[in-house]
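Worksheet: the structure to be examined is printed underneath.
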Amino acid sequence: MGLLAKALAAIERSRSFIAETVTRLTSEQRRLLNQLAYRFIKLQDTLGERVLPGLLVLKGEPLAESATFAEKLQCLDRLGAIASAENWRVLRELRNQIAHEYSDAPDLQAAAINRAWRG
């Protein structure tokens with residue numbers, strides 16, 4: 001079983017996290033969750049830095065490199081290249097929450113994990 005599959009299976013067994021659950025995670029479970037978070041963050045970063053600008057170029061609407069992620073989404077939404085800018089914003093917000101280490105706040109860690117799992 002691959003690393004990502006192991007991480008998903010570990011989360012599936014715990015479906016709903018609370019602060020106590022987070023504080024009792026084994027080092028292996030923590031490592032798997034970190035790996036899943038890392039991959040999600042990398043995916044979001046790649047989409048924002050490469051794929052979305054590429055879609056804009058293909059649509060004939062390139063934006064400046066300094067354009068914000070929100071500006072890219074607004075343009076792509078207007079052009080019909082993505083289904084919903086709001087869905088993308090929610091995923092980006094989730095990416096930002098996951099990227100933060102809340103080692104001293106297990107309740108925030110639990111909330112971020114639960115939100116990521118529910119999508």
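Going through the structure tokens in order, the chains are called A, B, and so on, while each chain numbers its residues from 1 and the ligands are numbered from 1 in the order shown.
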Selection near Asn87 of chain A, 12 Å with only C-alpha atoms, sequence-local residues under 2 positions removed, as a ChimeraX atom specification: /A:70,73-74,77,82-85,89-94,119
Within 10 Å of Ala37 of chain A using only C-alpha atoms, minus same-chain residues under 5 positions, as a ChimeraX atom specification: /A:7,31-32,42-43,95,98-99,113,116
Backbone-only DSSP, helix (DSSP H, G or I) members of chain A, as a PyMOL selection string: chain A and resi 3-14+19-23+27-58+69-79+85-99+106-118
Atomic distance atom CA of Ala64 of chain A - atom CA of Gln97 of chain A, expressed in Å with one decimal: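 Calculated distance between atom CA of Ala64 of chain A and atom CA of Gln97 of chain A is 26.6 Å.
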Selection near segment 17-22 of chain A, 6 Å with only C-alpha atoms, sequence-local residues under 3 positions removed, as a PyMOL selection string: chain A and resi 25+106-107+110
Filtering to C-alpha atoms, could you give me those residues as a PDB file, in the first residue's frame?
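That gives us again19.pdb:
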```
ATOM      1  CA  LEU A  25      -1.702  10.492  17.426  1.00  0.00           C
ATOM      2  CA  PRO A 106      -4.743  20.699  19.201  1.00  0.00           C
ATOM      3  CA  ASP A 107      -8.320  21.948  18.852  1.00  0.00           C
ATOM      4  CA  ALA A 110      -8.436  18.861  14.805  1.00  0.00           C
TER       5      ALA A 110
END
```
Pick from A:Leu33, A:Ala81, A:Thr26, A:Tyr38, whichever lies nearest to Pro53 of chain A using only C-alpha atoms: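 Between A:Leu33, A:Ala81, A:Thr26, A:Tyr38, the residue approaching Pro53 of chain A most closely is A:Ala81.
Atom pair atom CA of Asp104 of chain A / atom CA of Arg24 of chain A has a distance of 13.7 Å (rounded to one decimal).
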Non-local contacts of Gly60 of chain A (12 Å; only C-alpha atoms; under 3 positions in same chain excluded) as an NGL selection string: :A and (53-57 or 63 or 75-76 or 79 or 81)
Expected file: the selected residues, N, CA and C atoms, as a JSON list (two decimals), in the first residue's frame:
```
[["chain", "number", "residue", "atom", "x", "y", "z"],
["A", 53, "PRO", "N", -2.38, 29.90, -14.44],
["A", 53, "PRO", "CA", -1.85, 30.86, -15.41],
["A", 53, "PRO", "C", -1.80, 30.27, -16.83],
["A", 54, "GLY", "N", -1.51, 28.97, -16.93],
["A", 54, "GLY", "CA", -1.50, 28.32, -18.25],
["A", 54, "GLY", "C", -2.87, 28.33, -18.89],
["A", 55, "LEU", "N", -3.90, 28.11, -18.09],
["A", 55, "LEU", "CA", -5.27, 28.17, -18.61],
["A", 55, "LEU", "C", -5.59, 29.58, -19.11],
["A", 56, "LEU", "N", -5.14, 30.57, -18.39],
["A", 56, "LEU", "CA", -5.38, 31.95, -18.82],
["A", 56, "LEU", "C", -4.68, 32.25, -20.14],
["A", 57, "VAL", "N", -3.47, 31.75, -20.30],
["A", 57, "VAL", "CA", -2.75, 31.94, -21.57],
["A", 57, "VAL", "C", -3.50, 31.26, -22.69],
["A", 63, "LEU", "N", -2.43, 37.05, -17.40],
["A", 63, "LEU", "CA", -2.32, 38.10, -16.39],
["A", 63, "LEU", "C", -0.85, 38.27, -16.05],
["A", 75, "CYS", "N", -10.74, 35.91, -13.11],
["A", 75, "CYS", "CA", -10.63, 35.91, -14.56],
["A", 75, "CYS", "C", -11.06, 34.55, -15.14],
["A", 76, "LEU", "N", -10.58, 33.48, -14.54],
["A", 76, "LEU", "CA", -10.93, 32.14, -15.01],
["A", 76, "LEU", "C", -12.43, 31.87, -14.86],
["A", 79, "LEU", "N", -14.27, 33.75, -17.56],
["A", 79, "LEU", "CA", -14.09, 33.11, -18.86],
["A", 79, "LEU", "C", -14.77, 31.75, -18.96],
["A", 81, "ALA", "N", -13.61, 29.07, -17.53],
["A", 81, "ALA", "CA", -12.57, 28.04, -17.55],
["A", 81, "ALA", "C", -12.59, 27.17, -16.29]]
```
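Ranking A:Gln35, A:Gln109, A:Thr68, A:Asn114 by their shortest atom-to-atom distance to Ala5 of chain A, with only C-alpha atoms included, puts A:Gln35 first.
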Length of the atom CA of His100 of chain A to atom CA of Lys6 of chain A vector [Å]: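 Atom CA of Lys6 of chain A lies at a distance of 22.4 Å from atom CA of His100 of chain A.
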